[in-house]
Structure formats: structure tokens, C-alpha cells
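What follows is a single structure, written as C-alpha cells, with notes after it.
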Amino acid sequence: MSRNASLLDALLGLERPMLVALDVDGTLSPIVRDPDLAEIPESTLSVLAALGESPMVELALITGRDLGSLSRMEQLEGVWRAVEHGGLVLAPGERPSPRELTSEQGDALDRFRLWVDTHARDAFIEYKPQAIAVHVRGIAESDPARADQLLREADELAQSLGLHVRRGKALREAEAVHHDKGSALREIFKRSGARSVFFAGDDLTDFPAINFAAEHGVGAFVRSDEQRCAPSTSAVLLQSVDEIGALLSQLLERITE
Ligand SMILES: [Mg+2]
């Protein structure tokens, strides 16, 4: 039996409704240099739309993106969303309520932003409500030493400002409030009433959610050239975005038979 066939069987054996929770970049959408240009393939979007409608499935997207950035990639209905690495968790159709930072947190982010504006203008920057993310993938291709230097400086500055540092692939993120995808997945699992969990992700930041899913169902790690080391659990390994797309399509076919 092929690896995917046995993974599909494991998913079909999960108690229903099952929570199908997915990271976005590098899991549903191929990694591209400019995150603004990342796209979830149309075929995957249609499978997700159908999974979102199935009474057998609670569907969730769990991403580091903020809500505005995610909504440029999908407008799905019937989907749970955890954005900003779990900083904001929304049930299907739920709208976000305003979140306030303390003045200390606001000041620290302002100072980090000042460094970005003066020293990291060649990086791709994401400004989120409670965090600033510095992506160096584009720089790393031509000047790996410069990319490493930026990551190191961002890391040190964020720490000195009392901000939490998130470390991902070609990424450092300075966060005023710390969350992780594992606690977001736990919250959705509890609130949705699902009986089991499948989660797939491709980055270090996904490990807490992969581990949670492995304890309550199936956790999968999508390997890439950038991130070949898997979490040290019983995570199932997938080789590509295409492979997870195909798996979701087969899952949909089998649970709606
Ligand atoms: Mg990812």
C-alpha cells in the first residue's frame, strides 16, 4: 500500500465529524518569493469549498497571515480561520472584534518598525495588528549572508524590546502578543465539537499544531527544500503541495460517497 493510500485510510478511520485543519503557505499554496503573489490552486479551492459544506468535516485554515492577507487568497464559506499564528480565531461567519495593545506593546512595535524602515527596506515586510514579520526569502537567493544578518538583527532587536520572536523559514517575526498554532488548533477542536483532528503544515511554526493533531488524530508535515527536518513525533510526511491537494481531493471523494 502506498504511503498516501495508508494516510487516506488513516483519515477515513478518524471519528467524525473530523476537523481538517490546514496551514496555507507551503501547504495549500506553493511558496513564492513575494507572499502577496501566493495563490491556492483553483482545484484545491473547489475541494476546500466542498469539504466546508460536508457535515462530516469541520474545516479550518491556520496561518501566520493576517485576516486581510488571507482573504485575498480565499473567500470560502463554512470555514474556521486562525490567523496571525492563532492570535485571532474566528468561527465560520464570525467577525473579528477590535483588539487593543498596551502602550508598552505599541511602543515596542513602533521601535521595531523604525528599525525595519531604516535597516530592512530590502526585505518583504508584513505589518499585522499585533506583529511585524520580516521575510528574507527574496534576499537569500542572491545574498544569503545579508539575509542571515537581517534575521539575526531582527531577532536581537525584538528580544531587546521585550517582543516575542517567532522563527520560521526565512522569517523573523516580532510579536507583541504570543500565540501559537497548537493552541489555536486546540481551541477550534474544542469549539467546533469535532471528534478527531487532521492537521498539515510545512514550517517550524506548525510543529505545535502537528503535535496536537498527532495526539488527537493525524498530524502531517509537508517537506520542502527549505525545511527538511520533521517534528520529532509520529507526524506523517508529505512531499509537496501537490500531494496534499491530491490527498484532500481523495478524502472528499471518499467521505461523500
Ligand atoms: Mg506554511
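Residue numbering restarts at 1 for every chain of the C-alpha cells, chains are lettered A, B, ... in their displayed order, and ligands are numbered from 1 as they appear.
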**Message:** Let me see if you get this right: every residue at most 6 Å from ligand 1, counting only C-alpha atoms and all ligand atoms, written as a list in words.
**Reply:**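 Here is the list of contacting residues: Asp23, Val24, Asp25, Gly26, Thr27, Gly201, Asp202 and Asp203 of chain A.
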Based on the selection just made, write N, CA and C atoms of those residues as a CSV table (one decimal), in the first residue's frame.
```csv
chain,number,residue,atom,x,y,z
A,23,ASP,N,-2.5,24.5,7.3
A,23,ASP,CA,-1.7,25.7,7.1
A,23,ASP,C,-1.9,26.1,5.7
A,24,VAL,N,-1.5,27.3,5.3
A,24,VAL,CA,-1.8,27.8,4.0
A,24,VAL,C,-0.5,27.8,3.1
A,25,ASP,N,0.4,28.8,3.4
A,25,ASP,CA,1.6,28.9,2.6
A,25,ASP,C,2.5,27.7,2.7
A,26,GLY,N,2.8,27.1,1.6
A,26,GLY,CA,3.7,25.9,1.6
A,26,GLY,C,3.0,24.6,1.9
A,27,THR,N,1.7,24.7,2.2
A,27,THR,CA,0.9,23.5,2.4
A,27,THR,C,-0.2,23.5,1.3
A,201,GLY,N,1.0,21.0,8.0
A,201,GLY,CA,1.8,22.2,7.9
A,201,GLY,C,3.2,22.0,7.4
A,202,ASP,N,3.9,23.0,7.0
A,202,ASP,CA,5.2,22.8,6.4
A,202,ASP,C,6.4,23.5,7.1
A,203,ASP,N,6.1,24.2,8.3
A,203,ASP,CA,7.2,25.0,8.8
A,203,ASP,C,7.3,24.7,10.3
```
**Request:** Please identify all polymer residues within 10 Å of Glu15 of chain A, counting only C-alpha atoms, omitting same-chain residues fewer than 5 positions from it, and present them as number ranges by chain.
**Result:** A: 56, 194-197, 217
Can you write out the residues you just picked, keeping C-alpha atoms, as a CSV table (one decimal), in the first residue's frame?
```csv
chain,number,residue,atom,x,y,z
A,56,MET,CA,-18.6,15.1,8.2
A,194,ALA,CA,-15.2,17.8,16.2
A,195,ARG,CA,-14.3,14.3,17.4
A,196,SER,CA,-10.9,14.0,15.7
A,197,VAL,CA,-8.2,16.1,14.0
A,217,GLY,CA,-5.9,12.1,15.1
```
**Request:** Tell me, in Å to one decimal, how far atom CA of Ala82 of chain A is from atom CA of Ala131 of chain A.
**Result:**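 We find that atom CA of Ala82 of chain A and atom CA of Ala131 of chain A lie 15.0 Å from each other.
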**Request:** Can you work out which one of A:Asp143, A:Ala200, A:His164, A:Ala5 has the shortest atom-to-atom distance to Pro231 of chain A, counting only C-alpha atoms?
**Result:**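 So, comparing all the options, the nearest one is A:Ala200.
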**Request:** Write out as a VMD selection string the residues lying within 8 Å of Leu238 of chain A, counting only C-alpha atoms and excluding same-chain residues fewer than 3 positions away.
**Result:** chain A and resid 220 to 223 243 to 244
Next, write the just-selected residues to a file, as a JSON list (two decimals), in the first residue's frame, keeping C-alpha atoms as the atom set.
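And here is the file that came out, selection.json:
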```json
[["chain", "number", "residue", "atom", "x", "y", "z"],
["A", 220, "ALA", "CA", 1.27, 15.67, 8.75],
["A", 221, "PHE", "CA", 4.37, 17.57, 7.80],
["A", 222, "VAL", "CA", 4.83, 18.81, 4.23],
["A", 223, "ARG", "CA", 8.52, 18.68, 3.40],
["A", 243, "GLU", "CA", 0.49, 15.75, -2.75],
["A", 244, "ILE", "CA", -1.69, 17.38, -0.09]]
```
**Message:** Report as a list in words all protein, DNA and RNA residues lying within 8 Å of segment 188-192 of chain A, evaluated on only C-alpha atoms, omitting residues in the same chain fewer than 5 positions from it.
**Reply:**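 With the cut-off at 8 Å, the set is Leu19, Glu58, Ala60, Trp80, Val89, Ala91 and Val197 of chain A.
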**Surrounding residues of Leu76 of chain A excluding itself and chain neighbours under 4 positions, 8 Å, only C-alpha atoms, as a ChimeraX atom specification** = /A:45,48-49,52
